[in-house]
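Structure file my_file08.cif; described as mmCIF, C-alpha atoms.
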data_upload
loop_
_atom_site.label_atom_id
_atom_site.label_comp_id
_atom_site.auth_asym_id
_atom_site.auth_seq_id
_atom_site.Cartn_x
_atom_site.Cartn_y
_atom_site.Cartn_z
CA CYS A 148 -70.72 -40.53 -4.45
CA ASP A 149 -70.50 -36.78 -3.67
CA CYS A 150 -73.52 -36.07 -5.85
CA PHE A 151 -76.04 -37.45 -3.36
CA TYR A 152 -76.27 -34.74 -0.71
CA ARG A 153 -79.13 -33.15 1.13
CA PHE A 154 -78.52 -29.71 2.56
CA ALA A 155 -78.95 -29.14 6.29
CA SER A 156 -80.01 -25.59 6.92
CA SER A 157 -79.96 -25.43 10.69
CA ALA A 158 -77.63 -23.13 12.55
CA MET A 159 -76.48 -26.20 14.47
CA ALA A 160 -75.05 -27.72 11.29
CA THR A 161 -73.12 -24.52 10.51
CA LYS A 162 -71.53 -24.45 13.98
CA ALA A 163 -70.59 -28.14 13.78
CA LEU A 164 -68.45 -27.81 10.65
CA GLN A 165 -65.15 -29.69 10.63
CA VAL A 166 -62.28 -30.19 8.22
CA GLY A 167 -63.39 -32.79 5.68
CA ASP A 168 -67.09 -31.83 5.75
CA ARG A 169 -68.95 -31.32 2.48
CA VAL A 170 -70.57 -27.87 2.32
CA THR A 171 -72.46 -25.54 0.04
CA VAL A 172 -71.38 -21.88 -0.06
CA GLY A 173 -74.09 -19.34 0.80
CA GLN A 174 -77.22 -19.70 -1.29
CA THR A 175 -75.17 -20.60 -4.36
CA GLU A 176 -74.95 -24.05 -5.86
CA LEU A 177 -71.18 -24.12 -5.23
CA MET A 178 -70.16 -27.21 -3.31
CA GLY A 179 -66.84 -28.11 -1.81
CA THR A 180 -64.92 -29.68 1.03
CA VAL A 181 -63.76 -27.86 4.15
CA LYS A 182 -59.95 -27.96 4.17
CA PHE A 183 -59.23 -25.31 6.82
CA LEU A 184 -61.08 -23.93 9.84
CA GLY A 185 -59.65 -21.25 12.11
CA PRO A 186 -58.05 -17.82 12.34
CA THR A 187 -56.00 -16.40 9.47
CA GLU A 188 -53.40 -13.67 9.07
CA PHE A 189 -55.39 -11.84 6.37
CA ALA A 190 -58.43 -10.98 8.55
CA ALA A 191 -59.62 -11.35 12.14
CA GLY A 192 -61.98 -14.07 13.27
CA ASP A 193 -62.51 -17.64 12.15
CA TRP A 194 -62.58 -18.56 8.47
CA LEU A 195 -63.39 -21.68 6.48
CA GLY A 196 -61.01 -22.65 3.71
CA ILE A 197 -63.02 -24.59 1.14
CA GLU A 198 -61.83 -26.50 -1.91
CA LEU A 199 -64.66 -26.07 -4.41
CA ASP A 200 -65.69 -28.90 -6.73
CA GLU A 201 -65.48 -26.58 -9.72
CA GLN A 202 -63.09 -23.83 -10.80
CA ALA A 203 -64.98 -20.94 -9.19
CA GLY A 204 -62.61 -20.04 -6.35
CA LYS A 205 -60.14 -17.23 -5.82
CA ASN A 206 -56.99 -19.07 -4.77
CA ASP A 207 -55.21 -22.40 -4.31
CA GLY A 208 -55.47 -22.43 -0.52
CA SER A 209 -52.95 -19.66 0.05
CA VAL A 210 -53.48 -15.92 0.59
CA LYS A 211 -50.70 -13.32 0.42
CA GLY A 212 -48.00 -15.99 0.38
CA LYS A 213 -49.33 -17.92 3.41
CA ARG A 214 -50.56 -21.47 2.72
CA TYR A 215 -53.63 -22.58 4.72
CA PHE A 216 -54.56 -25.69 2.72
CA GLU A 217 -53.79 -27.44 -0.59
CA SER A 218 -56.16 -26.94 -3.52
CA LYS A 219 -56.14 -26.84 -7.30
CA PRO A 220 -55.67 -23.29 -8.67
CA GLU A 221 -58.90 -21.23 -8.54
CA HIS A 222 -60.68 -23.95 -6.55
CA GLY A 223 -59.95 -22.47 -3.11
CA ILE A 224 -62.09 -19.92 -1.31
CA PHE A 225 -62.28 -18.49 2.21
CA VAL A 226 -65.64 -17.65 3.76
CA ARG A 227 -66.98 -17.07 7.24
CA PRO A 228 -68.38 -20.22 8.88
CA THR A 229 -71.86 -18.64 8.74
CA ALA A 230 -71.61 -18.46 4.92
CA ALA A 231 -71.41 -22.24 4.52
CA THR A 232 -73.99 -24.94 5.12
CA LYS A 233 -73.12 -28.54 5.88
CA ALA A 234 -74.28 -31.09 3.33
CA GLU A 235 -75.43 -34.41 4.75
CA PRO A 236 -75.10 -37.57 2.69
CA VAL A 237 -78.30 -39.12 1.43
CA GLN A 238 -78.54 -42.74 0.49
CA PRO A 239 -78.87 -43.22 -3.28
CA PRO A 240 -82.22 -44.63 -4.33
CA VAL A 241 -82.43 -48.41 -4.52
CA VAL A 242 -83.36 -49.65 -7.97
CA SER A 243 -84.55 -53.20 -8.37
CA ILE A 244 -84.47 -54.94 -11.70
CA THR A 245 -87.15 -57.52 -12.39
CA ALA A 246 -87.06 -60.08 -15.18
CA HIS A 247 -89.82 -59.56 -17.73
CA SER A 248 -91.33 -61.78 -20.38
CA GLU A 249 -91.65 -60.77 -24.04
CA GLU A 250 -95.36 -60.08 -23.48
CA ASP A 251 -94.45 -57.26 -21.11
CA PHE A 252 -92.78 -55.38 -23.97
CA GLN A 253 -95.47 -55.66 -26.64
CA GLU A 254 -96.79 -52.34 -27.94
CA GLU A 255 -100.14 -51.10 -26.80
CA THR A 256 -102.34 -48.81 -28.79
CA PRO A 257 -101.92 -45.33 -27.29
CA LYS A 258 -105.01 -43.92 -25.66
CA LYS A 259 -106.15 -40.42 -26.47
CA LEU A 260 -105.83 -38.13 -23.46
CA GLU A 261 -108.61 -35.63 -22.85
CA PRO A 262 -107.84 -32.40 -20.97
CA VAL A 263 -109.42 -32.11 -17.56
CA LEU A 264 -111.18 -28.80 -17.14
CA SER A 265 -111.69 -27.52 -13.64
CA PRO A 266 -114.02 -24.60 -12.91
CA SER A 267 -111.01 -22.25 -12.68
CA ASN A 268 -109.57 -23.12 -16.09
CA ARG A 269 -112.85 -23.57 -17.97
CA SER A 270 -113.35 -19.83 -18.17
CA SER A 271 -109.78 -19.20 -19.27
CA ARG A 272 -110.15 -22.01 -21.84
CA SER A 273 -113.14 -20.29 -23.37
CA SER A 274 -111.28 -16.96 -23.46
CA GLY A 275 -108.26 -18.61 -25.12
CA LEU A 276 -105.94 -17.60 -22.23
CA ALA A 277 -103.93 -19.87 -19.99
CA PRO A 278 -105.02 -19.98 -16.36
CA PRO A 279 -103.18 -17.48 -14.15
CA LEU A 280 -100.13 -18.81 -12.34
CA GLU A 281 -99.88 -18.43 -8.60
CA LYS A 282 -96.69 -16.84 -7.29
CA PRO A 283 -94.79 -18.62 -4.52
CA LYS A 284 -95.78 -17.05 -1.22
CA ARG A 285 -92.25 -16.80 0.18
CA LEU A 286 -90.50 -15.41 -2.92
CA SER A 287 -89.52 -12.14 -1.25
CA GLU A 288 -88.08 -13.94 1.79
CA ARG A 289 -86.11 -16.30 -0.44
CA SER A 290 -84.77 -13.50 -2.63
CA LEU A 291 -83.70 -11.60 0.52
CA ASP A 292 -81.83 -14.68 1.74
CA VAL A 293 -80.12 -15.05 -1.64
CA GLN A 294 -79.21 -11.36 -1.68
CA LYS A 295 -77.88 -11.55 1.90
CA ALA A 296 -75.76 -14.60 1.07
CA GLY A 297 -74.34 -12.87 -2.02
CA VAL A 298 -73.44 -9.74 -0.04
CA GLN A 299 -71.97 -11.88 2.74
CA LEU A 300 -69.81 -13.75 0.23
CA GLU A 301 -68.69 -10.56 -1.54
CA LEU A 302 -67.82 -8.93 1.79
CA ALA A 303 -65.86 -12.03 2.88
CA GLN A 304 -63.90 -12.03 -0.39
CA ALA A 305 -63.18 -8.29 -0.05
CA MET A 306 -61.94 -8.90 3.49
CA GLU A 307 -59.75 -11.76 2.28
CA ASP A 308 -58.22 -9.45 -0.35
CA HIS A 309 -58.15 -6.40 1.96
CA ASP A 310 -60.10 -4.60 -0.77
CA VAL A 311 -60.89 -1.45 1.22
CA GLU A 312 -63.11 0.14 -1.44
CA THR A 313 -65.35 -2.91 -1.73
CA ILE A 314 -65.50 -3.29 2.06
CA ARG A 315 -66.61 0.36 2.40
CA ARG A 316 -69.22 -0.13 -0.31
CA MET A 317 -70.54 -3.44 1.08
CA LEU A 318 -70.68 -2.59 4.81
CA PRO A 319 -73.90 -0.52 4.72
CA VAL A 320 -75.58 -3.08 2.45
CA ALA A 321 -74.49 -5.97 4.69
CA SER A 322 -75.70 -4.12 7.78
CA ASN A 323 -79.12 -3.39 6.20
CA LEU A 324 -79.55 -7.04 5.19
CA GLY A 325 -78.77 -8.27 8.71
CA VAL A 326 -75.39 -9.90 8.10
CA ASP A 327 -73.95 -11.24 11.37
CA GLN A 328 -72.50 -8.48 13.57
CA LYS A 329 -69.22 -10.40 14.01
CA GLU A 330 -68.61 -10.17 10.26
CA ILE A 331 -69.49 -6.45 10.21
CA SER A 332 -67.07 -5.85 13.11
CA ALA A 333 -64.29 -7.82 11.43
CA ALA A 334 -64.73 -5.78 8.24
CA LYS A 335 -64.58 -2.54 10.24
CA ARG A 336 -61.35 -3.71 11.90
CA ILE A 337 -59.78 -4.23 8.49
CA LEU A 338 -60.77 -0.68 7.53
CA SER A 339 -59.22 0.71 10.71
CA PHE A 340 -55.89 -1.07 9.96
CA GLU A 341 -55.68 -0.03 6.31
#

As a first step, turn the structure in this file into C-alpha cells.
Amino acid sequence: CDCFYRFASSAMATKALQVGDRVTVGQTELMGTVKFLGPTEFAAGDWLGIELDEQAGKNDGSVKGKRYFESKPEHGIFVRPTAATKAEPVQPPVVSITAHSEEDFQEETPKKLEPVLSPSNRSSRSSGLAPPLEKPKRLSERSLDVQKAGVQLELAQAMEDHDVETIRRMLPVASNLGVDQKEISAAKRILSFE
C-alpha cells in the first residue's frame, strides 16, 4: 500500500531518484511517483516529472505541447531533483488477533483518575492558569526549511511556465534563502533568453 512510507531526508536519497520512485515534493505533504527524469525543452538542467497522488499539479505530463510523461490532468508537476525527497516503504504494523473468553469483555467499574501535580504545575494550578507551554527549539530552522522549499517550488513552476515576472521576483528571495546555485543559474538563463 502506498500509504505506508517513511521519508528519507538524506541528500543521497535525492540524488538516487529513479523513474518509478515514490517521492514527496519539497516540505509539502504532496506525494507522487517519478515519471520522468532528465533535461527538458522548457528550461535548462535536469527536471523530475512527478505524477501527484492528488489533483494539485499544473499539467498532465506535457509542457508547451511536448509530452514528457502520461498523467491525469492537473496531477503532473515538474520540479528540480533537489525539490523532491525519496519515500522509502515501511512495513505495515503486524496485528495479532487473540481469542478471548466472555470474561475478558465484562464491564469493570471505572476508576476515578486524580490529576498528578508536579512542582511546576502546582503553582499554576493555584493561580487558575495552565502551565506554560515550551516552544520547540528548532521552530525557526524548520520554518526556514519550509519557506525555502516553497520558494524553490514556486521558482521551479515559474521556470516551467517561463513566467519572467515571477522568476524576477523570486530570484532574490531564493538566493537569500540559500536555494541551490544550479537552480538560481538556470532561472537566470531563462531570463537572459526571454

When the PyMOL selection byres ((chain A and resi 162-177) around 6) is applied to the structure above, which residues does it catch, written out as a VMD selection string?
chain A and resid 159 to 161 178 to 183 230 to 234 293 296

If you measure from CA of Glu201 (chain A) to CA of Lys295 (chain A), what distance in Å do you get, rounded to one decimal?
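According to the coordinates, CA of Glu201 (chain A) and CA of Lys295 (chain A) are separated by 22.7 Å.
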
Select, from A:Ala321, A:Arg316, A:Leu195, A:Val311, the residue with the minimum atom-to-atom distance to Arg227 (chain A), counting all atoms listed in the file.
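Nearest to Arg227 (chain A): A:Leu195.
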
Produce the centre coordinates and the three edge lengths, each in Å to one decimal, of the box along x, y and z that contains all listed atoms of region 299-318 of chain A with 3 Å added on each side, as JSON.
{"center_x": -65.1, "center_y": -6.7, "center_z": 1.5, "size_x": 19.8, "size_y": 20.1, "size_z": 12.5}

Residue nearest Ser332 (chain A) among A:Leu302, A:Val226, A:Ala203, A:Leu184 (counting all atoms listed in the file)
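Of A:Leu302, A:Val226, A:Ala203, A:Leu184, the one nearest Ser332 (chain A) is A:Leu302, counting all atoms listed in the file.
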